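Below is the file data-v1.txt, which contains compact mmCIF, N, CA and C atoms and all ligand atoms.
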# COMPACT_ATOMS: atom_id res chain seq x y z
N MET A 1 10.04 -6.18 -80.88
CA MET A 1 10.19 -4.79 -81.29
C MET A 1 10.10 -4.73 -82.81
N SER A 2 9.35 -3.78 -83.32
CA SER A 2 9.29 -3.60 -84.76
C SER A 2 9.40 -2.12 -85.08
N SER A 3 9.64 -1.84 -86.34
CA SER A 3 9.79 -0.46 -86.77
C SER A 3 8.64 -0.17 -87.74
N ALA A 4 7.91 0.90 -87.48
CA ALA A 4 6.66 1.18 -88.19
C ALA A 4 6.84 1.30 -89.70
N ASP A 5 7.99 1.83 -90.13
CA ASP A 5 8.17 2.05 -91.56
C ASP A 5 9.08 1.00 -92.20
N CYS A 6 9.24 -0.14 -91.56
CA CYS A 6 10.12 -1.19 -92.09
C CYS A 6 9.32 -2.20 -92.91
N LEU A 7 9.74 -2.35 -94.16
CA LEU A 7 9.08 -3.29 -95.08
C LEU A 7 9.02 -4.70 -94.51
N PHE A 8 10.14 -5.18 -93.98
CA PHE A 8 10.17 -6.57 -93.52
C PHE A 8 9.39 -6.73 -92.21
N CYS A 9 9.31 -5.69 -91.37
CA CYS A 9 8.44 -5.77 -90.19
C CYS A 9 6.98 -5.91 -90.62
N LYS A 10 6.64 -5.25 -91.73
CA LYS A 10 5.26 -5.36 -92.24
C LYS A 10 4.98 -6.78 -92.74
N ILE A 11 5.98 -7.42 -93.34
CA ILE A 11 5.80 -8.82 -93.77
C ILE A 11 5.65 -9.71 -92.53
N VAL A 12 6.47 -9.48 -91.51
CA VAL A 12 6.35 -10.25 -90.26
C VAL A 12 4.95 -10.10 -89.68
N ALA A 13 4.42 -8.87 -89.73
CA ALA A 13 3.11 -8.59 -89.14
C ALA A 13 1.95 -9.06 -90.02
N GLY A 14 2.24 -9.53 -91.24
CA GLY A 14 1.19 -9.96 -92.15
C GLY A 14 0.50 -8.80 -92.85
N GLU A 15 1.11 -7.62 -92.78
CA GLU A 15 0.52 -6.43 -93.41
C GLU A 15 0.90 -6.29 -94.88
N LEU A 16 1.95 -7.02 -95.29
CA LEU A 16 2.35 -7.07 -96.71
C LEU A 16 2.47 -8.54 -97.09
N PRO A 17 2.09 -8.89 -98.32
CA PRO A 17 2.15 -10.29 -98.73
C PRO A 17 3.59 -10.75 -99.00
N ALA A 18 3.83 -12.02 -98.78
CA ALA A 18 5.10 -12.64 -99.13
C ALA A 18 4.86 -14.14 -99.20
N GLU A 19 5.68 -14.81 -100.00
CA GLU A 19 5.58 -16.27 -100.08
C GLU A 19 6.43 -16.86 -98.96
N ILE A 20 5.80 -17.07 -97.82
CA ILE A 20 6.53 -17.51 -96.64
C ILE A 20 6.79 -19.01 -96.74
N ILE A 21 8.04 -19.41 -96.53
CA ILE A 21 8.41 -20.82 -96.69
C ILE A 21 8.93 -21.42 -95.39
N TYR A 22 9.07 -20.62 -94.34
CA TYR A 22 9.60 -21.13 -93.07
C TYR A 22 9.17 -20.16 -91.98
N GLU A 23 8.75 -20.74 -90.86
CA GLU A 23 8.39 -19.90 -89.71
C GLU A 23 8.81 -20.60 -88.44
N SER A 24 9.40 -19.85 -87.52
CA SER A 24 9.64 -20.35 -86.18
C SER A 24 9.33 -19.22 -85.21
N GLU A 25 9.56 -19.46 -83.96
CA GLU A 25 9.23 -18.45 -82.94
C GLU A 25 9.97 -17.14 -83.20
N SER A 26 11.22 -17.23 -83.66
CA SER A 26 12.02 -16.02 -83.77
C SER A 26 12.35 -15.59 -85.19
N VAL A 27 12.03 -16.46 -86.17
CA VAL A 27 12.51 -16.26 -87.54
C VAL A 27 11.40 -16.55 -88.54
N ILE A 28 11.38 -15.80 -89.64
CA ILE A 28 10.57 -16.24 -90.80
C ILE A 28 11.45 -16.17 -92.05
N ALA A 29 11.03 -16.90 -93.09
CA ALA A 29 11.73 -16.83 -94.38
C ALA A 29 10.69 -16.80 -95.48
N PHE A 30 11.03 -16.05 -96.52
CA PHE A 30 10.13 -15.92 -97.67
C PHE A 30 10.96 -15.77 -98.93
N ARG A 31 10.34 -15.97 -100.08
CA ARG A 31 11.08 -15.91 -101.35
C ARG A 31 11.34 -14.45 -101.73
N ASP A 32 12.56 -14.21 -102.22
CA ASP A 32 12.95 -12.87 -102.65
C ASP A 32 12.13 -12.48 -103.88
N ILE A 33 11.65 -11.25 -103.88
CA ILE A 33 10.82 -10.76 -104.98
C ILE A 33 11.64 -10.58 -106.26
N ASN A 34 12.95 -10.52 -106.13
CA ASN A 34 13.85 -10.28 -107.26
C ASN A 34 14.91 -11.39 -107.26
N ALA A 35 14.45 -12.62 -107.47
CA ALA A 35 15.31 -13.79 -107.26
C ALA A 35 16.53 -13.78 -108.17
N LYS A 36 17.68 -14.09 -107.60
CA LYS A 36 18.95 -14.16 -108.33
C LYS A 36 19.42 -15.60 -108.53
N ALA A 37 18.58 -16.55 -108.17
CA ALA A 37 18.90 -17.97 -108.33
C ALA A 37 17.58 -18.73 -108.27
N PRO A 38 17.56 -19.98 -108.75
CA PRO A 38 16.30 -20.74 -108.71
C PRO A 38 15.68 -20.78 -107.31
N THR A 39 16.51 -20.93 -106.28
CA THR A 39 16.04 -20.70 -104.91
C THR A 39 16.71 -19.44 -104.40
N HIS A 40 15.92 -18.48 -104.00
CA HIS A 40 16.46 -17.26 -103.36
C HIS A 40 15.48 -16.89 -102.25
N ALA A 41 15.86 -17.25 -101.04
CA ALA A 41 15.03 -16.97 -99.87
C ALA A 41 15.69 -15.89 -99.03
N LEU A 42 14.86 -15.15 -98.31
CA LEU A 42 15.34 -14.16 -97.35
C LEU A 42 14.91 -14.65 -95.97
N ILE A 43 15.86 -14.79 -95.09
CA ILE A 43 15.60 -15.32 -93.74
C ILE A 43 15.81 -14.16 -92.78
N ILE A 44 14.79 -13.83 -92.03
CA ILE A 44 14.84 -12.62 -91.20
C ILE A 44 14.38 -12.92 -89.77
N PRO A 45 14.91 -12.16 -88.81
CA PRO A 45 14.36 -12.28 -87.46
C PRO A 45 13.01 -11.55 -87.40
N ARG A 46 12.11 -12.05 -86.57
CA ARG A 46 10.85 -11.32 -86.36
C ARG A 46 11.14 -9.96 -85.72
N GLN A 47 12.16 -9.93 -84.91
CA GLN A 47 12.58 -8.71 -84.21
C GLN A 47 13.28 -7.77 -85.20
N HIS A 48 12.99 -6.48 -85.09
CA HIS A 48 13.63 -5.52 -85.98
C HIS A 48 15.07 -5.25 -85.52
N ILE A 49 16.02 -5.61 -86.38
CA ILE A 49 17.44 -5.26 -86.19
C ILE A 49 17.86 -4.68 -87.54
N ALA A 50 18.32 -3.44 -87.58
CA ALA A 50 18.50 -2.75 -88.86
C ALA A 50 19.67 -3.31 -89.67
N THR A 51 20.81 -3.46 -89.04
CA THR A 51 22.01 -3.94 -89.75
C THR A 51 22.81 -4.86 -88.83
N ILE A 52 23.82 -5.49 -89.38
CA ILE A 52 24.70 -6.32 -88.55
C ILE A 52 25.29 -5.48 -87.43
N ASN A 53 25.56 -4.21 -87.72
CA ASN A 53 26.14 -3.33 -86.70
C ASN A 53 25.22 -3.14 -85.50
N ASP A 54 23.94 -3.42 -85.68
CA ASP A 54 22.96 -3.21 -84.60
C ASP A 54 22.65 -4.49 -83.83
N ILE A 55 23.30 -5.60 -84.17
CA ILE A 55 23.10 -6.83 -83.42
C ILE A 55 23.68 -6.63 -82.03
N GLY A 56 22.87 -6.90 -81.01
CA GLY A 56 23.30 -6.63 -79.65
C GLY A 56 23.56 -7.89 -78.85
N GLU A 57 24.15 -7.68 -77.70
CA GLU A 57 24.27 -8.80 -76.77
C GLU A 57 22.85 -9.21 -76.42
N GLY A 58 22.62 -10.50 -76.41
CA GLY A 58 21.26 -11.00 -76.21
C GLY A 58 20.61 -11.42 -77.51
N ASP A 59 21.18 -11.00 -78.65
CA ASP A 59 20.62 -11.38 -79.96
C ASP A 59 21.30 -12.62 -80.54
N GLU A 60 22.25 -13.19 -79.79
CA GLU A 60 23.05 -14.29 -80.36
C GLU A 60 22.16 -15.46 -80.79
N ALA A 61 21.19 -15.82 -79.97
CA ALA A 61 20.35 -16.97 -80.31
C ALA A 61 19.52 -16.67 -81.55
N THR A 62 18.98 -15.47 -81.62
CA THR A 62 18.18 -15.09 -82.79
C THR A 62 19.01 -15.18 -84.06
N VAL A 63 20.21 -14.66 -84.02
CA VAL A 63 21.08 -14.70 -85.20
C VAL A 63 21.44 -16.15 -85.54
N GLY A 64 21.69 -16.95 -84.52
CA GLY A 64 21.96 -18.36 -84.76
C GLY A 64 20.78 -19.06 -85.42
N HIS A 65 19.58 -18.65 -85.05
CA HIS A 65 18.38 -19.27 -85.63
C HIS A 65 18.25 -18.95 -87.11
N LEU A 66 18.81 -17.84 -87.57
CA LEU A 66 18.79 -17.56 -89.01
C LEU A 66 19.52 -18.68 -89.76
N TYR A 67 20.64 -19.12 -89.19
CA TYR A 67 21.42 -20.18 -89.84
C TYR A 67 20.74 -21.54 -89.72
N MET A 68 20.06 -21.78 -88.61
CA MET A 68 19.32 -23.04 -88.48
C MET A 68 18.20 -23.09 -89.52
N ALA A 69 17.58 -21.93 -89.76
CA ALA A 69 16.53 -21.85 -90.78
C ALA A 69 17.14 -22.09 -92.17
N ALA A 70 18.33 -21.51 -92.42
CA ALA A 70 18.98 -21.70 -93.73
C ALA A 70 19.22 -23.19 -93.97
N LYS A 71 19.73 -23.85 -92.97
CA LYS A 71 20.00 -25.29 -93.09
C LYS A 71 18.72 -26.07 -93.39
N ALA A 72 17.65 -25.75 -92.69
CA ALA A 72 16.39 -26.46 -92.88
C ALA A 72 15.80 -26.19 -94.26
N ILE A 73 15.85 -24.95 -94.70
CA ILE A 73 15.30 -24.60 -96.02
C ILE A 73 16.13 -25.24 -97.12
N ALA A 74 17.44 -25.22 -96.97
CA ALA A 74 18.31 -25.84 -97.98
C ALA A 74 17.98 -27.32 -98.11
N ALA A 75 17.77 -27.99 -97.00
CA ALA A 75 17.41 -29.41 -97.06
C ALA A 75 16.05 -29.59 -97.74
N GLU A 76 15.10 -28.76 -97.35
CA GLU A 76 13.74 -28.84 -97.91
C GLU A 76 13.74 -28.60 -99.42
N GLU A 77 14.61 -27.71 -99.88
CA GLU A 77 14.65 -27.35 -101.31
C GLU A 77 15.60 -28.25 -102.10
N GLY A 78 16.20 -29.24 -101.43
CA GLY A 78 17.08 -30.18 -102.12
C GLY A 78 18.44 -29.62 -102.47
N LEU A 79 18.90 -28.63 -101.71
CA LEU A 79 20.16 -27.95 -102.02
C LEU A 79 21.33 -28.42 -101.18
N ALA A 80 21.05 -29.18 -100.13
CA ALA A 80 22.07 -29.42 -99.11
C ALA A 80 23.32 -30.09 -99.67
N ASP A 81 23.14 -31.07 -100.54
CA ASP A 81 24.30 -31.83 -101.02
C ASP A 81 25.08 -31.06 -102.09
N ASP A 82 24.38 -30.47 -103.05
CA ASP A 82 25.07 -29.75 -104.12
C ASP A 82 25.72 -28.47 -103.59
N GLY A 83 25.05 -27.81 -102.69
CA GLY A 83 25.61 -26.60 -102.10
C GLY A 83 24.74 -25.38 -102.35
N TYR A 84 24.97 -24.40 -101.56
CA TYR A 84 24.19 -23.16 -101.61
C TYR A 84 25.00 -22.08 -100.93
N ARG A 85 24.53 -20.86 -101.07
CA ARG A 85 25.27 -19.73 -100.48
C ARG A 85 24.35 -18.97 -99.53
N VAL A 86 24.89 -18.53 -98.41
CA VAL A 86 24.17 -17.59 -97.54
C VAL A 86 25.03 -16.34 -97.41
N VAL A 87 24.37 -15.20 -97.49
CA VAL A 87 25.11 -13.93 -97.42
C VAL A 87 24.22 -12.87 -96.77
N MET A 88 24.84 -12.02 -95.98
CA MET A 88 24.12 -10.89 -95.38
C MET A 88 24.92 -9.62 -95.70
N ASN A 89 24.28 -8.68 -96.37
CA ASN A 89 24.91 -7.41 -96.71
C ASN A 89 24.75 -6.44 -95.55
N CYS A 90 25.77 -5.63 -95.31
CA CYS A 90 25.70 -4.63 -94.24
C CYS A 90 25.99 -3.24 -94.80
N ASN A 91 24.95 -2.43 -94.80
CA ASN A 91 25.03 -1.01 -95.22
C ASN A 91 25.26 -0.86 -96.73
N GLU A 92 25.21 0.37 -97.17
CA GLU A 92 25.08 0.67 -98.61
C GLU A 92 26.23 0.11 -99.45
N ALA A 93 27.46 0.23 -99.00
CA ALA A 93 28.59 -0.20 -99.83
C ALA A 93 28.55 -1.69 -100.14
N ALA A 94 27.91 -2.44 -99.27
CA ALA A 94 27.79 -3.89 -99.49
C ALA A 94 26.52 -4.23 -100.25
N GLY A 95 25.68 -3.23 -100.50
CA GLY A 95 24.46 -3.49 -101.27
C GLY A 95 23.21 -3.67 -100.44
N GLN A 96 23.26 -3.36 -99.14
CA GLN A 96 22.03 -3.51 -98.34
C GLN A 96 21.03 -2.43 -98.75
N THR A 97 19.82 -2.86 -99.06
CA THR A 97 18.76 -1.92 -99.46
C THR A 97 17.58 -1.95 -98.51
N VAL A 98 17.42 -3.04 -97.76
CA VAL A 98 16.34 -3.13 -96.77
C VAL A 98 17.01 -3.23 -95.41
N PHE A 99 16.67 -2.28 -94.54
CA PHE A 99 17.41 -2.16 -93.28
C PHE A 99 16.69 -2.88 -92.14
N HIS A 100 16.59 -4.17 -92.34
CA HIS A 100 16.12 -5.17 -91.36
C HIS A 100 16.93 -6.39 -91.74
N ILE A 101 17.83 -6.83 -90.87
CA ILE A 101 18.80 -7.84 -91.30
C ILE A 101 18.12 -9.05 -91.94
N HIS A 102 18.76 -9.58 -92.95
CA HIS A 102 18.23 -10.74 -93.67
C HIS A 102 19.38 -11.53 -94.26
N LEU A 103 19.26 -12.81 -94.11
CA LEU A 103 20.22 -13.73 -94.71
C LEU A 103 19.65 -14.14 -96.07
N HIS A 104 20.41 -13.87 -97.12
CA HIS A 104 20.03 -14.38 -98.44
C HIS A 104 20.46 -15.84 -98.50
N LEU A 105 19.58 -16.70 -98.92
CA LEU A 105 19.90 -18.11 -99.20
C LEU A 105 19.72 -18.32 -100.69
N LEU A 106 20.81 -18.61 -101.38
CA LEU A 106 20.78 -18.76 -102.84
C LEU A 106 21.24 -20.16 -103.22
N GLY A 107 20.52 -20.78 -104.12
CA GLY A 107 20.91 -22.11 -104.56
C GLY A 107 20.18 -22.52 -105.82
N GLY A 108 20.60 -23.67 -106.34
CA GLY A 108 19.97 -24.19 -107.54
C GLY A 108 20.75 -23.86 -108.80
N ARG A 109 21.87 -23.18 -108.62
CA ARG A 109 22.77 -22.92 -109.75
C ARG A 109 24.19 -22.81 -109.20
N THR A 110 25.16 -22.92 -110.11
CA THR A 110 26.56 -22.75 -109.70
C THR A 110 26.84 -21.27 -109.54
N MET A 111 27.56 -20.92 -108.49
CA MET A 111 27.89 -19.52 -108.25
C MET A 111 29.40 -19.32 -108.26
N GLY A 112 29.82 -18.18 -108.78
CA GLY A 112 31.25 -17.89 -108.83
C GLY A 112 31.76 -17.36 -107.51
N TRP A 113 33.06 -17.44 -107.34
CA TRP A 113 33.72 -16.85 -106.20
C TRP A 113 35.05 -16.28 -106.65
N PRO A 114 35.40 -15.05 -106.30
CA PRO A 114 34.64 -14.14 -105.45
C PRO A 114 33.38 -13.60 -106.14
N PRO A 115 32.43 -13.06 -105.36
CA PRO A 115 31.14 -12.68 -105.92
C PRO A 115 31.14 -11.31 -106.57
N TRP A 116 32.30 -10.82 -107.00
CA TRP A 116 32.33 -9.53 -107.70
C TRP A 116 33.13 -9.74 -108.99
N PRO A 117 32.90 -8.91 -109.99
CA PRO A 117 33.62 -9.10 -111.26
C PRO A 117 35.11 -8.83 -111.06
N PRO A 118 35.98 -9.57 -111.75
CA PRO A 118 37.41 -9.32 -111.64
C PRO A 118 37.75 -7.92 -112.18
N GLY A 119 38.82 -7.36 -111.72
CA GLY A 119 39.29 -6.08 -112.21
C GLY A 119 38.57 -4.95 -111.54
P1 LIG A 201 19.63 -6.41 -99.72
O1 LIG A 201 20.02 -5.73 -101.01
O2 LIG A 201 20.71 -7.34 -99.19
O3 LIG A 201 19.13 -5.41 -98.70
O4 LIG A 201 18.42 -7.35 -100.12
C1 LIG A 201 17.10 -6.93 -100.10
C2 LIG A 201 16.32 -7.96 -100.89
O5 LIG A 201 14.96 -7.79 -100.57
C3 LIG A 201 16.42 -7.81 -102.40
O6 LIG A 201 17.03 -8.98 -102.94
C4 LIG A 201 15.00 -7.67 -102.89
C5 LIG A 201 14.18 -8.10 -101.71
N1 LIG A 201 12.92 -7.41 -101.53
C6 LIG A 201 12.75 -6.06 -101.48
N2 LIG A 201 11.47 -5.77 -101.27
C7 LIG A 201 10.81 -6.96 -101.18
C8 LIG A 201 9.44 -7.31 -100.96
O7 LIG A 201 8.54 -6.48 -100.79
N3 LIG A 201 9.15 -8.64 -100.94
C9 LIG A 201 10.10 -9.60 -101.11
N4 LIG A 201 9.70 -10.87 -101.07
N5 LIG A 201 11.41 -9.30 -101.30
C10 LIG A 201 11.74 -8.00 -101.34

Full structure transcribed into structure tokens:
Amino acid sequence: MSSADCLFCKIVAGELPAEIIYESESVIAFRDINAKAPTHALIIPRQHIATINDIGEGDEATVGHLYMAAKAIAAEEGLADDGYRVVMNCNEAAGQTVFHIHLHLLGGRTMGWPPWPPG
């Protein structure tokens, strides 16, 4: 299932360019156009799911595959030992701007925690 006006569905369909770094039956990953770390990949299901709130029963394997892809990409990019971060934003208050779920994989630099400024 795809959504006609979804940017990431267009990348899945090959209708928009992206630097794709991982592909499997259910998942693709490509480099973020606005990278926030030396490695910043977006890992998405081929299937259109708008937000975490829209993940349904039956989607468990697909969502699990996002994490399997993160693990594989982190190893491929040499991040596994030093560490990396994966994060998925849900809806506007969390900063979601593209409404097709995506796991951000960030690595190659030290990251602070918590991920918001103090105060
Ligand atoms: P989020 O704010 O969590 O919804 O993250 C959306 C990310 O998608 C953001 O880091 C920028 C990235 N992005 C937006 N449009 C494009 C695009 O056309 N190509 C690529 N590669 N990344 C995009």

Give me, as CSV, each residue of chain A that comes within 8 Å of ligand LIG 201 (chain A), together with its shortest interatomic pair and the distance in Å at one decimal, counting only C-alpha atoms and all ligand atoms, with rows ordered by chain and rising residue number.
residue,atom,partner,partner_atom,distance
A:Leu7,CA,A:LIG201,O7,6.6
A:Phe8,CA,A:LIG201,O7,7.5
A:Ile11,CA,A:LIG201,O7,7.9
A:Leu16,CA,A:LIG201,O7,7.4
A:Pro17,CA,A:LIG201,N3,7.5
A:Ala18,CA,A:LIG201,N4,5.3
A:Glu19,CA,A:LIG201,N4,6.9
A:Phe30,CA,A:LIG201,N4,6.1
A:Arg31,CA,A:LIG201,N4,5.2
A:Asp32,CA,A:LIG201,N5,4.1
A:Ile33,CA,A:LIG201,N5,4.0
A:Asn34,CA,A:LIG201,C4,5.2
A:Ala35,CA,A:LIG201,O6,6.7
A:Lys36,CA,A:LIG201,O6,7.7
A:Leu42,CA,A:LIG201,O5,7.1
A:Met88,CA,A:LIG201,O2,6.2
A:Asn89,CA,A:LIG201,O2,4.9
A:Cys90,CA,A:LIG201,O2,7.5
A:Ala94,CA,A:LIG201,O2,7.9
A:Gly95,CA,A:LIG201,O1,5.0
A:Gln96,CA,A:LIG201,O3,3.5
A:Thr97,CA,A:LIG201,O3,3.6
A:Val98,CA,A:LIG201,O3,4.1
A:Phe99,CA,A:LIG201,O3,6.5
A:His100,CA,A:LIG201,O3,7.9
A:Ile101,CA,A:LIG201,O3,7.8
A:His102,CA,A:LIG201,O2,6.9
A:Leu103,CA,A:LIG201,O2,7.8
A:His104,CA,A:LIG201,O2,7.1

| request: Check the smallest atom-to-atom distance from each of A:Ile43, A:Ile20, A:Ala37, A:Cys6 to A:Ala69 using all atoms listed in the file, then report the winner. | output: A:Ile43

| A:Thr39, A:Glu60, A:Ile49, A:Thr110: which is nearest A:Glu77, counting all atoms listed in the file? | A:Thr39

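Proximity ranking of A:Ala74, A:Val27, A:Ile55, A:Ala41 relative to A:Leu106 places A:Ala41 first, based on only N, CA and C atoms.
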
| request: Report the residues of stretch 18-93 of chain A whose backbone DSSP state falls under strand (DSSP E or B), written as a list in words. | output: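 Matching residues, listed in order: Ile20, Ile21, Tyr22, Glu23, Val27, Ile28, Ala29, Phe30, Arg31, Thr39, His40, Ala41, Leu42, Ile43, Ile44, Pro45, Tyr84, Arg85, Val86 and Val87 of chain A.
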
| task | Return the single residue from A:Cys9, A:Ala80, A:Ala72, A:Ala29 that is closest to A:Gln47, with distances computed using only N, CA and C atoms. | result |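 The answer is A:Cys9, which sits nearest to A:Gln47.
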
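Nearest to A:Leu79 of all the residues A:Ala93, A:Ala50, A:Gly107, A:His40 is A:Gly107, counting only N, CA and C atoms.
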
| message | Please determine, counting all atoms listed in the file, which residue among A:Asn53, A:Leu105, A:Pro117, A:Ile73 has the shortest atom-to-atom distance to A:Val86. | response | A:Leu105

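The interatomic distance for the pair atom C of A:Pro115 and atom C of A:Tyr67 works out to 22.3 Å.
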
| remark: The distance between atom C of A:Asp54 and atom C of A:Ser24 is 19.9 Å
